[in-house]
Structure formats: C-alpha cells, structure tokens
Amino acid sequence: MAFQKAVKGTILVGGGALASVLGLSQFAHYRRKQVNLAYVQAAECVSEPVNREPPSREAQLLSLQNTAEFDILVIGGGATGCGCALDAVTRGLKTALVERDDFSSGTSSRSTKLIHGGVRYLQKAIMKLDIEQYRMVKEALHERANLLEIAPHLSAPLPIMLPVYKWWQLPYYWVGIKLYDLVAGSNCLKSSYVLSKSRALEHFPMLQKDKLVGAIVYYDGQHNDARMNLAIALTAARYGAATANYMEVVSLLKKTDPHTGKERVSGARCKDVLTGQEFDVRAKCVINATGPFTDTVRKMDDKNAAAICQPSAGVHIVMPGYYSPESMGLLDPATSDGRVIFFLPWQKMTIAGTTDTPTDITHHPIPSEEDINFILNEVQ
Ligand SMILES: Cc1cc2nc3c(=O)[nH]c(=O)nc-3n(C[C@H](O)[C@H](O)[C@H](O)COP(=O)(O)OP(=O)(O)OC[C@H]3O[C@@H](n4cnc5c(N)ncnc54)[C@H](O)[C@@H]3O)c2cc1C
C-alpha cells in the first residue's frame, strides 16, 4: 500500500488499494469557499445522507465542465483513485474523479481478492529487524479488520491452509503464524491452528499423501475487489464528488504559480470516450492514480520524466470449484522458483495464482502460455 507523494508539482502518484491522501489537509482551508460558483458543492454535501441516489452521468459531466475549479482532480478510478476521491470529498474538498474505462476495470478487478495482513512481510520484518516492514504489517492488519467491519457484504475472513512436508517446518511455520496472530492483537480474525495429516487431506485430498506431515491454518480476509471499488466510487459520488467513467485525461493543464513563479499543473483536458467531446477540468491539485499508467500521465507533465513504474504481470487461472473446499484456501509458500501460489475458493470456482513476471503495459493484458503452464505445474 505504498503511496508516493509529489513526483513533481502537484501531482501525486498512488500505488495501493486503500491509500489515503497524504498532504490533503493542506487544502482543508478551501472548504466552503467558492461553493456558489459551480455545480459541485462538496463541502455542503458532506452532512447529507449518504444513501441518496448518485447523480446521472450526464449530471456528473455537467459538474465537471461547469465547476470553475475543483480542489482535487483524481485521475484513475481504481481502488487508489476512488479511495482518494472518497477521502477528499469527505474532508469537504471539492472533488472530481475521472476514469477512462469502467471503474475498477484495471488492476483493481484482477487481484487475488485477499485482504492481506502481510504474513510474508512479517517474516521479513523479523529476519531483517526491519521496523518499517513491521509497521506496514500492523497497518495492513488494522485495515483488514476495518474492511471486514465496514463492508461485511463484500468481504469475509478466509482460513488458509499451509501444507507442511517436513517435520522441522511445523514448529517454524507455527511460530511465524502465531506471531502474525499476536501482532494482529484485537484485530486477529480467528486464532491459527495446526491440522493433522488426515484432517488436512480431508480438506485437500489431492495433496501428496506420502510426504505430507500436517498443516497450519491461519486467517486472512477475502473481498470482492471490483464491487468494493465500485461501492467506494458510488459513495464518493453520493457525498458530492463529480465522478465520471469513460472520461480519459489526454493532457494536463498548466499555469504559473504566483508564489513561486514556476509552472504548475492546474487541471486536465478530458475526453469523453463515448462521444469524443473534450473539455478542461481545472483543479488546485491533481492526483495521478492511474496504476500501471502512472508514467504516461507523468510524461504529460514533463516529457523527460524518468519512468518510476516497473510493470509486472500477475496471472490467475480459474478452475472448477471442486478443486478447493468452499471455505478454505491453500497457500504454497515455496514454489519451484520461490514464488508464493494461492489456491482460493472464489464464487463457487477455484482461482489459482499468481505469477509475477515483467511485462509491457497494455490496456487488456492476456496471460502467456508460459504463465498458465507454470501455475498448472505448481498446482499439480
Ligand atoms: C496479480 C495481482 C494480484 C493482486 N492481489 C492483491 C490482493 O490479493 N490483495 C490486495 O490488497 N492487493 C492485490 N494486488 C494489488 C492491487 O490489486 C493494486 O494495488 C490495486 O488494484 C491498484 O489499484 P490502482 O487504483 O492503483 O490501479 P488500477 O486499478 O490499475 O487503476 C488505475 C486506473 O486508471 C485508469 N487510467 C489510466 N490512465 C488514465 C487516463 N489517462 N485517464 C483516466 N483514467 C486512466 C485505468 O483505466 C485504471 O482503471 C494485486 C495486484 C496484482 C497485479
């Protein structure tokens, strides 16, 4: 859930499912200013009931066009962008959010669906005595509990089984997983436990019977990433954010900052992908939350900007539901090349993955034969 601040000017680059907007508070003094200027009156809307109908797309487009200046314009309607928009609008900032495709059509609908506390990061924190990794796990565990509480219709605890094939690994993993429970403290979903070989085989009969020693079961969360993302976008819209999909940012607007004399980003030129119509959306702050397309937008600001995004592709495959029990996942912590593979129940099917291979950025990535075979081999 990294969140990188201000690469240049007022552009912020987001990179996490639930990032909150750092530095937004400096805009808080804009609250309630200019509310009569435009259609969007975010500060006025915050106290209104959140269950009112969100405005139509046409109304949202009018808001985008007719608002003289937003406090915040968020580019990208994935988890990061929608999270930023909801955070901003509920702080009383006049907020706009544009997404060039459907909300959550990017990475945010293609995740492994886990709400991790980050058991592997805890291992790193301990092995390398890294306090930052520890803090990240602590925060992730807190967010995990938070998501399960605020959106129980879209998320649930999921037991995950770790098969153990060597005796010495049993106490090793057990201690690690117990520490995970301990760090979670009151946010622990359920205590982890050890399973005998026969019970483990009851859950996953296709495990290697002769080598299996037993298993450890721990709890993480699972959620519907795409629906969660959409719910956040809708909530932001209900609070008064001007929110439109099929609206692509094609260039950034600039103006000279009267205080510094330097050019700074002051909004974006947006294109309605459905009609081809273009117009400008002005904002005091522009947030770049375009995920893998981060550098494309950064280059709109400065065409010589060095790339900061290192894209890699993760592939899942979907298998029939009978490969996993309905309410338990499986984790292989050490595949043949050291990667972790999950095997998870998902909407009456089983998803297995993921890979992690360097890739070029494309709008609609497709899995390579090699990746599919890697997962199938590991699963076997
Ligand atoms: C294989 C894989 C598995 C993962 N599993 C998990 C998991 O189990 N749990 C977890 O918490 N996280 C997981 N993650 C991480 C998580 O999915 C990402 O952190 C998150 O989805 C990133 O969201 P985002 O909003 O930053 O990016 P995206 O969801 O990619 O959103 C960026 C959006 O910007 C839009 N956009 C781009 N350019 C423009 C433009 N010019 N104008 C307008 N809009 C634009 C795109 O259309 C896109 O919708 C996984 C990631 C991968 C790759």
# chains A, B, ... in the order shown; residues from 1 in each chain; ligands from 1
call {"tool": "residues_around", "arguments": {"residues": "Thr294 of chain A", "least_positions_apart": "2", "cutoff": "9 Å", "atoms": "only C-alpha atoms", "output": "PyMOL selection string"}}
result
chain A and resi 13-14+288-292+296-299+307-309
call {"tool": "residues_around", "arguments": {"residues": "His364 of chain A", "least_positions_apart": "2", "cutoff": "12 Å", "atoms": "only C-alpha atoms", "output": "ChimeraX atom specification"}}
result
/A:101,105-107,110,292,313,360-362,366-367
call {"tool": "closest_residue", "arguments": {"among": "A:Tyr322, A:Phe374, A:Trp346, A:Phe293", "to": "ligand 1", "atoms": "only C-alpha atoms and all ligand atoms"}}
result
A:Phe293
call {"tool": "select_by_dssp", "arguments": {"residues": "segment 75-125 of chain A", "states": "strand (DSSP E or B)", "output": "count of residues only"}}
result
7
call {"tool": "residues_near_ligand", "arguments": {"ligand": "ligand 1", "cutoff": "6 Å", "atoms": "only C-alpha atoms and all ligand atoms", "output": "PyMOL selection string"}}
result
chain A and resi 14-17+75-81+98-101+103-108+111-115+248-250+289-293+313-315+354
call {"tool": "write_last_selection", "arguments": {"atoms": "N, CA and C atoms", "output": "mmCIF file, in the first residue's frame"}}
result
data_model
loop_
_atom_site.group_PDB
_atom_site.id
_atom_site.type_symbol
_atom_site.label_atom_id
_atom_site.label_comp_id
_atom_site.auth_asym_id
_atom_site.auth_seq_id
_atom_site.Cartn_x
_atom_site.Cartn_y
_atom_site.Cartn_z
ATOM 1 N N GLY A 14 -0.323 7.445 -6.703
ATOM 2 C CA GLY A 14 -0.816 6.449 -5.751
ATOM 3 C C GLY A 14 -0.429 5.061 -6.184
ATOM 4 N N GLY A 15 -0.311 4.146 -5.225
ATOM 5 C CA GLY A 15 0.009 2.776 -5.621
ATOM 6 C C GLY A 15 -0.486 1.752 -4.632
ATOM 7 N N GLY A 16 -1.683 1.868 -4.158
ATOM 8 C CA GLY A 16 -2.153 0.874 -3.204
ATOM 9 C C GLY A 16 -3.648 0.851 -3.129
ATOM 10 N N ALA A 17 -4.157 -0.284 -2.680
ATOM 11 C CA ALA A 17 -5.587 -0.467 -2.725
ATOM 12 C C ALA A 17 -6.333 0.525 -1.858
ATOM 13 N N ILE A 75 -7.215 11.348 -11.208
ATOM 14 C CA ILE A 75 -7.210 10.634 -12.498
ATOM 15 C C ILE A 75 -7.066 9.143 -12.199
ATOM 16 N N GLY A 76 -8.055 8.362 -12.630
ATOM 17 C CA GLY A 76 -7.995 6.905 -12.430
ATOM 18 C C GLY A 76 -9.017 6.448 -11.408
ATOM 19 N N GLY A 77 -9.919 5.572 -11.842
ATOM 20 C CA GLY A 77 -10.996 5.097 -10.961
ATOM 21 C C GLY A 77 -10.785 3.665 -10.511
ATOM 22 N N GLY A 78 -9.534 3.336 -10.150
ATOM 23 C CA GLY A 78 -9.263 2.053 -9.496
ATOM 24 C C GLY A 78 -9.404 2.229 -7.996
ATOM 25 N N ALA A 79 -8.892 1.252 -7.248
ATOM 26 C CA ALA A 79 -9.019 1.314 -5.787
ATOM 27 C C ALA A 79 -8.356 2.571 -5.231
ATOM 28 N N THR A 80 -7.167 2.900 -5.757
ATOM 29 C CA THR A 80 -6.444 4.059 -5.225
ATOM 30 C C THR A 80 -7.204 5.351 -5.516
ATOM 31 N N GLY A 81 -7.588 5.535 -6.785
ATOM 32 C CA GLY A 81 -8.253 6.785 -7.170
ATOM 33 C C GLY A 81 -9.578 6.975 -6.456
ATOM 34 N N VAL A 98 -12.072 11.090 -12.552
ATOM 35 C CA VAL A 98 -12.334 10.624 -13.920
ATOM 36 C C VAL A 98 -11.624 9.297 -14.177
ATOM 37 N N GLU A 99 -12.341 8.415 -14.855
ATOM 38 C CA GLU A 99 -11.814 7.087 -15.195
ATOM 39 C C GLU A 99 -12.089 6.856 -16.680
ATOM 40 N N ARG A 100 -11.083 6.415 -17.414
ATOM 41 C CA ARG A 100 -11.289 6.321 -18.866
ATOM 42 C C ARG A 100 -12.060 5.077 -19.308
ATOM 43 N N ASP A 101 -12.196 4.123 -18.421
ATOM 44 C CA ASP A 101 -12.904 2.883 -18.765
ATOM 45 C C ASP A 101 -14.007 2.713 -17.719
ATOM 46 N N PHE A 103 -15.145 1.799 -13.840
ATOM 47 C CA PHE A 103 -14.481 1.809 -12.548
ATOM 48 C C PHE A 103 -13.988 0.394 -12.255
ATOM 49 N N SER A 104 -12.780 0.322 -11.748
ATOM 50 C CA SER A 104 -12.184 -0.967 -11.375
ATOM 51 C C SER A 104 -11.910 -1.893 -12.563
ATOM 52 N N SER A 105 -11.860 -1.323 -13.755
ATOM 53 C CA SER A 105 -11.597 -2.190 -14.911
ATOM 54 C C SER A 105 -10.119 -2.577 -14.996
ATOM 55 N N GLY A 106 -9.262 -1.866 -14.269
ATOM 56 C CA GLY A 106 -7.817 -2.150 -14.329
ATOM 57 C C GLY A 106 -7.402 -3.188 -13.309
ATOM 58 N N THR A 107 -6.258 -2.960 -12.708
ATOM 59 C CA THR A 107 -5.707 -3.907 -11.742
ATOM 60 C C THR A 107 -6.698 -4.227 -10.631
ATOM 61 N N SER A 108 -7.498 -3.256 -10.284
ATOM 62 C CA SER A 108 -8.350 -3.396 -9.098
ATOM 63 C C SER A 108 -9.487 -4.410 -9.231
ATOM 64 N N SER A 111 -7.216 -8.634 -8.829
ATOM 65 C CA SER A 111 -6.333 -9.016 -7.735
ATOM 66 C C SER A 111 -6.629 -10.447 -7.297
ATOM 67 N N THR A 112 -5.867 -10.906 -6.314
ATOM 68 C CA THR A 112 -6.095 -12.261 -5.780
ATOM 69 C C THR A 112 -7.260 -12.253 -4.794
ATOM 70 N N LYS A 113 -7.859 -11.092 -4.594
ATOM 71 C CA LYS A 113 -9.057 -10.894 -3.750
ATOM 72 C C LYS A 113 -8.760 -11.017 -2.259
ATOM 73 N N LEU A 114 -7.495 -11.027 -1.905
ATOM 74 C CA LEU A 114 -7.162 -11.183 -0.487
ATOM 75 C C LEU A 114 -7.040 -9.830 0.196
ATOM 76 N N ILE A 115 -7.467 -9.783 1.445
ATOM 77 C CA ILE A 115 -7.164 -8.618 2.273
ATOM 78 C C ILE A 115 -6.059 -9.096 3.207
ATOM 79 N N GLU A 248 -11.411 10.195 -20.308
ATOM 80 C CA GLU A 248 -9.961 9.995 -20.312
ATOM 81 C C GLU A 248 -9.209 11.322 -20.228
ATOM 82 N N VAL A 249 -8.194 11.362 -19.413
ATOM 83 C CA VAL A 249 -7.320 12.543 -19.392
ATOM 84 C C VAL A 249 -6.353 12.423 -20.565
ATOM 85 N N VAL A 250 -6.372 13.454 -21.460
ATOM 86 C CA VAL A 250 -5.500 13.385 -22.637
ATOM 87 C C VAL A 250 -4.297 14.317 -22.515
ATOM 88 N N ALA A 289 -3.579 8.664 -10.159
ATOM 89 C CA ALA A 289 -3.845 7.345 -9.558
ATOM 90 C C ALA A 289 -4.112 6.349 -10.679
ATOM 91 N N THR A 290 -3.244 6.371 -11.670
ATOM 92 C CA THR A 290 -3.505 5.575 -12.870
ATOM 93 C C THR A 290 -2.776 4.225 -12.858
ATOM 94 N N GLY A 291 -2.336 3.805 -11.693
ATOM 95 C CA GLY A 291 -1.752 2.468 -11.560
ATOM 96 C C GLY A 291 -0.597 2.262 -12.514
ATOM 97 N N PRO A 292 -0.673 1.236 -13.354
ATOM 98 C CA PRO A 292 0.443 0.965 -14.262
ATOM 99 C C PRO A 292 0.665 2.078 -15.292
ATOM 100 N N PHE A 293 -0.316 2.971 -15.445
ATOM 101 C CA PHE A 293 -0.172 4.051 -16.432
ATOM 102 C C PHE A 293 0.392 5.332 -15.817
ATOM 103 N N ALA A 313 3.357 -8.496 -14.595
ATOM 104 C CA ALA A 313 2.022 -9.070 -14.766
ATOM 105 C C ALA A 313 1.825 -10.243 -13.832
ATOM 106 N N GLY A 314 0.639 -10.326 -13.290
ATOM 107 C CA GLY A 314 0.286 -11.474 -12.473
ATOM 108 C C GLY A 314 -0.877 -12.200 -13.129
ATOM 109 N N VAL A 315 -0.762 -13.504 -13.219
ATOM 110 C CA VAL A 315 -1.814 -14.288 -13.875
ATOM 111 C C VAL A 315 -2.476 -15.214 -12.855
ATOM 112 N N THR A 354 -0.640 -16.341 -7.961
ATOM 113 C CA THR A 354 -0.420 -15.638 -9.194
ATOM 114 C C THR A 354 1.049 -15.683 -9.564
#
call {"tool": "residues_around", "arguments": {"residues": "Asp356 of chain A", "least_positions_apart": "2", "cutoff": "12 Å", "atoms": "only C-alpha atoms", "output": "MDAnalysis selection string"}}
result
chainID A and resid 310:316 337:341 353:354 358:359 367:368 370:372 374:375
call {"tool": "write_last_selection", "arguments": {"atoms": "C-alpha atoms", "output": "compact mmCIF listing (two decimals), in the first residue's frame"}}
result
# COMPACT_ATOMS: atom_id res chain seq x y z
CA GLN A 310 8.25 -1.17 -13.18
CA PRO A 311 5.33 -3.11 -14.61
CA SER A 312 4.91 -6.78 -13.94
CA ALA A 313 2.02 -9.07 -14.77
CA GLY A 314 0.29 -11.47 -12.47
CA VAL A 315 -1.81 -14.29 -13.87
CA HIS A 316 -4.55 -16.29 -12.16
CA ASP A 337 11.11 -20.69 -8.29
CA GLY A 338 10.47 -19.27 -4.82
CA ARG A 339 7.16 -17.53 -5.54
CA VAL A 340 4.04 -17.96 -3.47
CA ILE A 341 0.97 -19.57 -5.03
CA GLY A 353 -2.15 -17.91 -8.94
CA THR A 354 -0.42 -15.64 -9.19
CA PRO A 358 7.98 -8.28 -16.03
CA THR A 359 5.73 -7.07 -18.83
CA PRO A 367 -1.90 -14.40 -19.93
CA SER A 368 1.05 -16.05 -21.61
CA GLU A 370 4.21 -19.96 -20.07
CA ASP A 371 2.46 -18.39 -17.07
CA ILE A 372 -0.54 -20.69 -17.40
CA PHE A 374 3.73 -22.53 -14.53
CA ILE A 375 0.56 -22.35 -12.42
call {"tool": "atom_distance", "arguments": {"atom1": "atom CA of Ile216 of chain A", "atom2": "atom CA of Arg144 of chain A"}}
result
20.6 Å
call {"tool": "residues_around", "arguments": {"residues": "Ser266 of chain A", "least_positions_apart": "2", "cutoff": "10 Å", "atoms": "only C-alpha atoms", "output": "ChimeraX atom specification"}}
result
/A:9-11,69-70,72-73,252-257,263-264,268,281-286
call {"tool": "residues_around", "arguments": {"residues": "Asn187 of chain A", "least_positions_apart": "5", "cutoff": "7 Å", "atoms": "only C-alpha atoms", "output": "ChimeraX atom specification"}}
result
/A:141-142,145
call {"tool": "closest_residue", "arguments": {"among": "A:Tyr172, A:Val183, A:His363, A:Ala242", "to": "Ala88 of chain A", "atoms": "only C-alpha atoms"}}
result
A:Ala242
call {"tool": "residues_around", "arguments": {"residues": "Thr243 of chain A", "least_positions_apart": "3", "cutoff": "7 Å", "atoms": "only C-alpha atoms", "output": "list in words"}}
result
Gln60, Ala96, Leu97, Val98 and Ala237 of chain A
call {"tool": "write_last_selection", "arguments": {"atoms": "C-alpha atoms", "output": "PDB file, in the first residue's frame"}}
result
ATOM      1  CA  GLN A  60     -21.736  14.482 -13.480  1.00  0.00           C
ATOM      2  CA  ALA A  96     -13.580  15.330  -9.252  1.00  0.00           C
ATOM      3  CA  LEU A  97     -12.770  11.783 -10.331  1.00  0.00           C
ATOM      4  CA  VAL A  98     -12.334  10.624 -13.920  1.00  0.00           C
ATOM      5  CA  ALA A 237     -20.397  10.350  -5.794  1.00  0.00           C
TER       6      ALA A 237
END
call {"tool": "residues_around", "arguments": {"residues": "Ile150 of chain A", "least_positions_apart": "4", "cutoff": "12 Å", "atoms": "only C-alpha atoms", "output": "count of residues only"}}
result
11
call {"tool": "atom_distance", "arguments": {"atom1": "atom CA of Glu149 of chain A", "atom2": "atom CA of Leu122 of chain A"}}
result
23.2 Å
call {"tool": "closest_residue", "arguments": {"among": "A:Val119, A:Lys94, A:Ala236, A:Pro163", "to": "Phe343 of chain A", "atoms": "only C-alpha atoms"}}
result
A:Pro163
call {"tool": "closest_residue", "arguments": {"among": "A:Gly185, A:Pro55, A:Gly92, A:Gly214", "to": "Leu170 of chain A", "atoms": "only C-alpha atoms"}}
result
A:Gly214
